[in-house]
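J.: Structure supplied as input06.tsv; contents: TSV, C-alpha atoms.
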chain	number	residue	atom	x	y	z
A	1	MET	CA	13.04	-13.30	-1.45
A	2	LEU	CA	12.84	-9.79	-2.86
A	3	THR	CA	14.86	-8.97	-5.94
A	4	LEU	CA	15.47	-5.27	-6.42
A	5	ALA	CA	16.59	-3.88	-9.74
A	6	ARG	CA	19.58	-1.66	-8.97
A	7	LEU	CA	17.75	1.43	-10.23
A	8	VAL	CA	14.74	0.65	-8.03
A	9	HIS	CA	17.02	0.33	-5.01
A	10	ASP	CA	18.76	3.60	-5.75
A	11	GLN	CA	15.51	5.51	-6.40
A	12	MET	CA	14.04	4.14	-3.18
A	13	VAL	CA	17.03	5.12	-1.03
A	14	ALA	CA	17.28	8.52	-2.72
A	15	HIS	CA	13.60	9.20	-2.03
A	16	CYS	CA	14.08	8.27	1.63
A	17	LEU	CA	17.13	10.54	1.98
A	18	THR	CA	15.34	13.41	0.24
A	19	GLY	CA	12.41	13.02	2.62
A	20	LEU	CA	14.49	13.71	5.74
A	21	PRO	CA	13.73	14.76	8.45
A	22	GLU	CA	10.37	13.11	7.81
A	23	GLU	CA	9.68	9.48	7.00
A	24	ALA	CA	9.42	8.83	3.28
A	25	CYS	CA	7.39	6.12	1.59
A	26	GLY	CA	6.58	4.60	-1.75
A	27	LEU	CA	5.40	1.51	-3.57
A	28	LEU	CA	7.17	-1.20	-5.52
A	29	GLY	CA	5.83	-2.51	-8.81
A	30	GLY	CA	6.90	-5.84	-10.19
A	31	ASP	CA	6.22	-9.52	-10.57
A	32	PRO	CA	4.25	-10.94	-7.62
A	33	VAL	CA	5.25	-14.49	-8.53
A	34	THR	CA	9.02	-14.05	-8.63
A	35	GLY	CA	9.23	-11.21	-6.11
A	36	GLU	CA	11.11	-9.05	-8.58
A	37	ALA	CA	10.64	-5.30	-7.99
A	38	LEU	CA	11.05	-3.54	-11.34
A	39	THR	CA	9.56	-0.09	-10.72
A	40	CYS	CA	9.89	2.31	-7.82
A	41	TYR	CA	6.91	4.57	-7.20
A	42	PRO	CA	7.99	7.26	-4.72
A	43	THR	CA	4.88	8.71	-3.06
A	44	ARG	CA	4.11	11.62	-0.79
A	45	ASN	CA	3.93	10.91	2.92
A	46	LEU	CA	0.55	12.43	3.78
A	47	ALA	CA	1.32	12.06	7.50
A	48	ALA	CA	4.28	14.47	7.00
A	49	SER	CA	5.86	13.04	10.13
A	50	ALA	CA	9.20	11.66	11.36
A	51	LYS	CA	7.30	8.85	13.07
A	52	LEU	CA	4.47	7.88	10.75
A	53	TYR	CA	3.75	7.51	7.09
A	54	THR	CA	0.63	7.37	4.96
A	55	VAL	CA	0.98	6.68	1.25
A	56	ASP	CA	-0.98	9.33	-0.69
A	57	PRO	CA	-4.07	7.39	-1.86
A	58	LYS	CA	-4.22	9.18	-5.23
A	59	GLU	CA	-0.59	8.33	-5.95
A	60	HIS	CA	-1.30	4.75	-4.91
A	61	LEU	CA	-4.11	4.55	-7.48
A	62	ARG	CA	-1.83	5.96	-10.19
A	63	ALA	CA	0.94	3.52	-9.30
A	64	ASP	CA	-1.50	0.60	-9.24
A	65	ARG	CA	-2.82	1.48	-12.70
A	66	ASP	CA	0.67	2.01	-14.09
A	67	ALA	CA	1.85	-1.35	-12.75
A	68	GLU	CA	-1.23	-3.13	-14.13
A	69	ALA	CA	-0.73	-1.49	-17.54
A	70	ALA	CA	2.84	-2.82	-17.58
A	71	GLY	CA	1.56	-6.32	-16.82
A	72	HIS	CA	2.88	-6.08	-13.27
A	73	ALA	CA	1.32	-5.40	-9.89
A	74	ILE	CA	2.13	-3.49	-6.74
A	75	ILE	CA	4.12	-6.07	-4.80
A	76	GLY	CA	5.19	-4.09	-1.79
A	77	VAL	CA	5.73	-0.86	0.05
A	78	PHE	CA	8.84	0.82	1.37
A	79	HIS	CA	9.31	3.46	4.00
A	80	SER	CA	12.13	4.94	5.99
A	81	HIS	CA	12.82	4.80	9.68
A	82	THR	CA	14.70	8.00	10.36
A	83	HIS	CA	16.11	7.12	13.79
A	84	THR	CA	15.53	3.42	14.31
A	85	GLU	CA	16.71	0.19	12.75
A	86	ALA	CA	15.23	-1.35	9.60
A	87	TYR	CA	12.68	-3.49	11.39
A	88	PRO	CA	8.87	-3.16	11.22
A	89	SER	CA	7.33	-1.28	14.13
A	90	ALA	CA	4.18	-2.45	15.90
A	91	THR	CA	2.31	0.13	13.79
A	92	ASP	CA	3.77	-1.32	10.59
A	93	VAL	CA	2.70	-4.83	11.58
A	94	ALA	CA	-0.78	-3.82	12.72
A	95	GLN	CA	-1.44	-1.91	9.51
A	96	ALA	CA	0.22	-4.25	7.00
A	97	PRO	CA	-2.39	-4.29	4.23
A	98	ASP	CA	-1.57	-7.42	2.24
A	99	PRO	CA	0.06	-10.71	3.32
A	100	GLU	CA	1.48	-11.19	-0.18
A	101	TRP	CA	3.38	-7.89	-0.15
A	102	HIS	CA	7.04	-7.27	0.58
A	103	TYR	CA	7.59	-4.72	3.36
A	104	VAL	CA	10.84	-2.88	2.80
A	105	LEU	CA	12.42	-0.75	5.51
A	106	VAL	CA	15.13	1.78	4.83
A	107	SER	CA	16.88	2.78	8.03
A	108	LEU	CA	18.59	6.15	7.99
A	109	ARG	CA	19.82	5.85	11.57
A	110	ASP	CA	23.44	5.27	10.61
A	111	ILE	CA	25.76	6.91	8.07
A	112	GLN	CA	24.93	4.30	5.42
A	113	PRO	CA	21.25	3.58	4.68
A	114	VAL	CA	20.28	-0.01	5.54
A	115	VAL	CA	17.69	-1.77	3.36
A	116	ARG	CA	15.88	-4.86	4.66
A	117	SER	CA	12.71	-6.63	3.58
A	118	TYR	CA	10.05	-8.57	5.46
A	119	ARG	CA	6.88	-10.55	4.98
A	120	ILE	CA	4.12	-9.76	7.46
A	121	ARG	CA	1.44	-12.44	7.74
A	122	GLY	CA	-1.13	-12.62	10.50
A	123	GLY	CA	0.95	-10.34	12.71
A	124	THR	CA	4.10	-12.45	12.25
A	125	VAL	CA	7.19	-10.73	10.84
A	126	THR	CA	9.67	-12.77	8.82
A	127	GLU	CA	12.77	-11.25	7.28
A	128	GLU	CA	13.55	-12.25	3.70
A	129	PRO	CA	16.74	-11.96	1.66
A	130	VAL	CA	17.13	-8.91	-0.60
A	131	VAL	CA	19.00	-9.47	-3.84
A	132	LEU	CA	20.26	-6.54	-5.90
A	133	GLN	CA	20.09	-7.03	-9.61
A	134	SER	CA	22.20	-4.99	-12.02
A	135	ARG	CA	20.44	-4.04	-15.21
S	1	MET	CA	-27.37	0.80	-12.38
S	2	PRO	CA	-24.40	-1.57	-12.58
S	3	VAL	CA	-20.89	-0.17	-12.25
S	4	LEU	CA	-17.56	-1.96	-12.33
S	5	VAL	CA	-15.68	-2.36	-9.07
S	6	ASN	CA	-11.94	-3.14	-9.12
S	7	LEU	CA	-10.85	-5.15	-6.11
S	8	PRO	CA	-7.38	-5.23	-4.54
S	9	THR	CA	-5.56	-8.58	-4.49
S	10	VAL	CA	-6.18	-9.00	-0.78
S	11	LEU	CA	-9.98	-8.93	-1.24
S	12	ARG	CA	-10.21	-10.98	-4.43
S	13	PRO	CA	-10.36	-14.37	-2.65
S	14	HIS	CA	-13.58	-13.15	-1.00
S	15	ALA	CA	-15.11	-12.51	-4.44
S	16	GLY	CA	-14.32	-15.86	-6.05
S	17	GLY	CA	-10.89	-14.60	-7.17
S	18	ALA	CA	-12.35	-11.92	-9.45
S	19	LYS	CA	-10.31	-8.79	-10.09
S	20	THR	CA	-13.30	-6.80	-11.30
S	21	VAL	CA	-16.92	-7.33	-10.34
S	22	SER	CA	-20.14	-5.57	-11.23
S	23	SER	CA	-22.59	-4.21	-8.72
S	24	ALA	CA	-25.63	-1.93	-8.91
S	25	GLY	CA	-26.56	1.20	-7.00
S	26	SER	CA	-27.04	4.93	-7.35
S	27	THR	CA	-24.37	5.86	-4.78
S	28	VAL	CA	-20.96	4.46	-3.87
S	29	GLY	CA	-22.48	3.17	-0.63
S	30	GLU	CA	-25.29	1.34	-2.44
S	31	VAL	CA	-22.86	-0.25	-4.87
S	32	LEU	CA	-20.56	-1.42	-2.06
S	33	THR	CA	-23.45	-2.66	0.07
S	34	GLY	CA	-24.72	-4.61	-2.94
S	35	LEU	CA	-21.26	-6.05	-3.41
S	36	VAL	CA	-21.09	-7.24	0.19
S	37	GLY	CA	-24.58	-8.73	-0.24
S	38	GLU	CA	-23.34	-10.75	-3.19
S	39	TYR	CA	-20.02	-11.69	-1.58
S	40	PRO	CA	-20.60	-11.98	2.18
S	41	GLY	CA	-16.88	-12.66	2.71
S	42	LEU	CA	-16.33	-8.95	2.05
S	43	SER	CA	-18.48	-8.07	5.06
S	44	GLY	CA	-16.61	-5.80	7.47
S	45	GLN	CA	-13.72	-5.32	5.04
S	46	ILE	CA	-14.98	-2.29	3.10
S	47	ILE	CA	-17.69	-0.82	5.30
S	48	ASP	CA	-17.17	-0.88	9.07
S	49	SER	CA	-19.69	-1.81	11.77
S	50	SER	CA	-20.86	1.81	12.05
S	51	GLY	CA	-21.73	1.85	8.34
S	52	ALA	CA	-18.84	4.14	7.38
S	53	LEU	CA	-16.03	3.46	4.94
S	54	HIS	CA	-13.46	1.20	6.63
S	55	LYS	CA	-10.33	3.13	7.58
S	56	PHE	CA	-8.07	0.42	6.15
S	57	VAL	CA	-9.33	0.87	2.59
S	58	ASN	CA	-9.39	3.70	0.10
S	59	VAL	CA	-12.26	3.82	-2.35
S	60	TYR	CA	-12.06	5.77	-5.59
S	61	LEU	CA	-14.74	6.86	-8.01
S	62	ASN	CA	-12.85	6.91	-11.29
S	63	ASP	CA	-9.74	8.98	-10.38
S	64	ASP	CA	-10.98	10.52	-7.13
S	65	ASP	CA	-10.76	9.38	-3.53
S	66	VAL	CA	-14.40	9.32	-2.40
S	67	ARG	CA	-13.41	10.70	1.02
S	68	TYR	CA	-12.85	13.99	-0.81
S	69	LEU	CA	-16.22	13.69	-2.56
S	70	SER	CA	-19.28	12.73	-0.54
S	71	ALA	CA	-17.85	9.43	0.76
S	72	LEU	CA	-20.48	6.67	0.60
S	73	ASP	CA	-23.15	9.17	-0.49
S	74	THR	CA	-21.24	10.03	-3.68
S	75	PRO	CA	-23.60	9.47	-6.65
S	76	VAL	CA	-22.51	7.09	-9.40
S	77	LYS	CA	-23.56	6.82	-13.02
S	78	ASP	CA	-23.40	4.04	-15.58
S	79	SER	CA	-19.96	4.64	-17.03
S	80	ASP	CA	-18.29	5.12	-13.62
S	81	GLU	CA	-15.73	2.77	-12.20
S	82	ILE	CA	-15.05	2.20	-8.52
S	83	SER	CA	-11.64	1.05	-7.34
S	84	ILE	CA	-10.75	-0.23	-3.89
S	85	LEU	CA	-7.17	-0.26	-2.63
S	86	PRO	CA	-5.73	-0.91	0.81
S	87	ALA	CA	-4.80	2.15	2.85
S	88	VAL	CA	-1.03	1.96	3.22
S	89	ALA	CA	0.33	3.45	6.43
S	90	GLY	CA	2.59	2.73	9.37
S	91	GLY	CA	5.76	4.06	10.87
S	92	ALA	CA	8.10	3.95	13.81
S	93	VAL	CA	6.29	4.30	17.12
S	94	ASP	CA	8.99	6.32	18.80
S	95	PRO	CA	12.01	7.30	16.74
S	96	ARG	CA	14.15	7.85	19.84
S	97	VAL	CA	13.84	4.35	21.23
S	98	PRO	CA	15.35	1.52	19.19
S	99	ARG	CA	13.83	-1.97	19.37
S	100	PRO	CA	15.38	-3.94	22.24
S	101	SER	CA	17.63	-6.71	20.93
As structure tokens, how would this structure be written, given the file I've shared?

T.:
Amino acid sequence: MLTLARLVHDQMVAHCLTGLPEEACGLLGGDPVTGEALTCYPTRNLAASAKLYTVDPKEHLRADRDAEAAGHAIIGVFHSHTHTEAYPSATDVAQAPDPEWHYVLVSLRDIQPVVRSYRIRGGTVTEEPVVLQSR
Amino acid sequence: MPVLVNLPTVLRPHAGGAKTVSSAGSTVGEVLTGLVGEYPGLSGQIIDSSGALHKFVNVYLNDDDVRYLSALDTPVKDSDEISILPAVAGGAVDPRVPRPS
């Protein structure tokens, strides 16, 4: 289960909408044990593409250090699908970097953004519940 | 000379669970090769079979991505710190074709 602080959810969706027409991406900082995402780290999409994303490595390093300093860790990544549903693509699965991460998809295909989260382990995709937490 | 190397969570099990390890060398490549020598489980995860930096990792010397320096030939000195993070990328294969349901 992924728990998203309301602010994290809103920052994530806003970053994805702002990134249109390209895919947008970012990292989630939080507690790897409870699956609670407490910080949104919007990052540049170095691929600058409507089909692909690459998290800017320098921004990743900054986010990683910031999360560690707060006693947290990077627990997942989010990116938008501009014209498809919120489900990991073959590229997403093949390049999933960490089996312990949460993989959040924000679909902008419809009027309302759709947020869904997955675990990707050994090429197997499993959807997990997303809980919004008001703070 | 020994420098500290920060490992990402996904590689820590291959280094006895350590978050930070120490390895010696005068370039980033020497340090990483030494690291793999000490922890053979890291073999193929940081440096690929052609001897280049693996495309699925990013390696930093202090604050800088070594791909923008001299990659594995980047010189290191005593107080330097190397960090390894996974390269994070993906995306929709074809935005016009939704996944069949």

J.: How many Å lie between atom CA of S:Glu30 and atom CA of S:Gly51, rounded to one decimal?

T.: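 About the pair atom CA of S:Glu30 and atom CA of S:Gly51: they are 11.4 Å apart.
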
J.: Of the residues A:Gln133, A:Thr124, A:Ser107, A:Gln95, which is the one nearest to chain S, using all atoms listed in the file?

T.: A:Gln95

J.: Measuring atom to atom with all atoms listed in the file, identify which of S:Ala92, S:Leu85, S:Val57, S:Ala18 is nearest to S:Gln45.

T.: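 Checking each candidate against S:Gln45, we get S:Val57 as the closest.
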
J.: Residues of chain A near chain S: apply a cut-off of 6 Å, count all atoms listed in the file, and supply the list as an NGL selection string.

T.: :A and (51-55 or 83-84 or 89 or 91-92 or 97-98)

J.: List the spatial neighbours of S:Leu35 as a VMD selection string - criterion: any atom at most 8 Å away, all atoms listed in the file, same-chain residues fewer than 4 positions off excluded.

T.: chain S and resid 22 to 23 31 39 42

J.: Save the residues we just selected, C-alpha atoms, as a PDB file, in the coordinates of the input?

T.:
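The file below, selection.pdb, is the result:
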ATOM      1  CA  SER S  22     -20.140  -5.570 -11.230  1.00  0.00           C
ATOM      2  CA  SER S  23     -22.590  -4.210  -8.720  1.00  0.00           C
ATOM      3  CA  VAL S  31     -22.860  -0.250  -4.870  1.00  0.00           C
ATOM      4  CA  TYR S  39     -20.020 -11.690  -1.580  1.00  0.00           C
ATOM      5  CA  LEU S  42     -16.330  -8.950   2.050  1.00  0.00           C
TER       6      LEU S  42
END

J.: Using Å and a single decimal, report how far atom CA of A:Thr3 sits from atom CA of A:Ser117.

T.: 10.0 Å

J.: Env of A:Ile111: 12 Å cut, atoms = only C-alpha atoms, seq-sep filter 2 positions within chain, self excluded. Answer as a list in words.

T.: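 Near A:Ile111, the qualifying residues are Leu17, Thr82, His83, Ser107, Leu108, Arg109, Pro113 and Val114 of chain A.
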
J.: Determine the nearest neighbour of A:Asp10 from the options A:Leu132, A:Ile120, A:Ala73, A:Ala47, counting all atoms listed in the file.

T.: A:Leu132

J.: Could you jot down the atom CA of S:Glu81 to atom CA of S:Leu69 separation for me, Å, one decimal place?

T.: 14.6 Å

J.: Just checking: using only C-alpha atoms, which residue out of A:Val33, A:Cys16, A:Val125, A:Leu38 ends up closest to A:Ala70?

T.: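 Nearest candidate to A:Ala70 out of A:Val33, A:Cys16, A:Val125, A:Leu38: A:Leu38.
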
J.: Between A:Ile74, A:Ala96, A:Ala24, A:Ala90, which residue has the minimum interatomic distance to A:Gln11, considering only C-alpha atoms?

T.: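 Closest residue, counting only C-alpha atoms: A:Ala24.
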
J.: From the set S:Ala71, S:Pro2, S:Ala24, S:Lys19, which residue has the shortest atom-to-atom contact distance to A:Glu68, counting only C-alpha atoms?

T.: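 Checking each of S:Ala71, S:Pro2, S:Ala24, S:Lys19 against A:Glu68, counting only C-alpha atoms, the winner is S:Lys19.
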
J.: Taking (-23.1, 5.0, -11.2) as a centre in this file's frame and 8 Å as the limit, can you find every polymer residue with an atom that close, using all atoms listed in the file, and give them as a VMD selection string?

T.: chain S and resid 1 to 3 24 to 28 75 to 81

J.: Show me, as a list in words, the residues that have an atom within 12 Å of A:Gly35 when counting all atoms listed in the file, minus same-chain residues fewer than 5 positions from it.

T.: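 Answer for this query is Met1, Leu2, Thr3, Leu4, Ala5, Leu28, Gly29, Gly30, His72, Ala73, Ile74, Ile75, Gly76, Glu100, Trp101, His102, Tyr103, Ser117, Tyr118, Arg119, Glu128, Pro129, Val130, Val131 and Leu132 of chain A.
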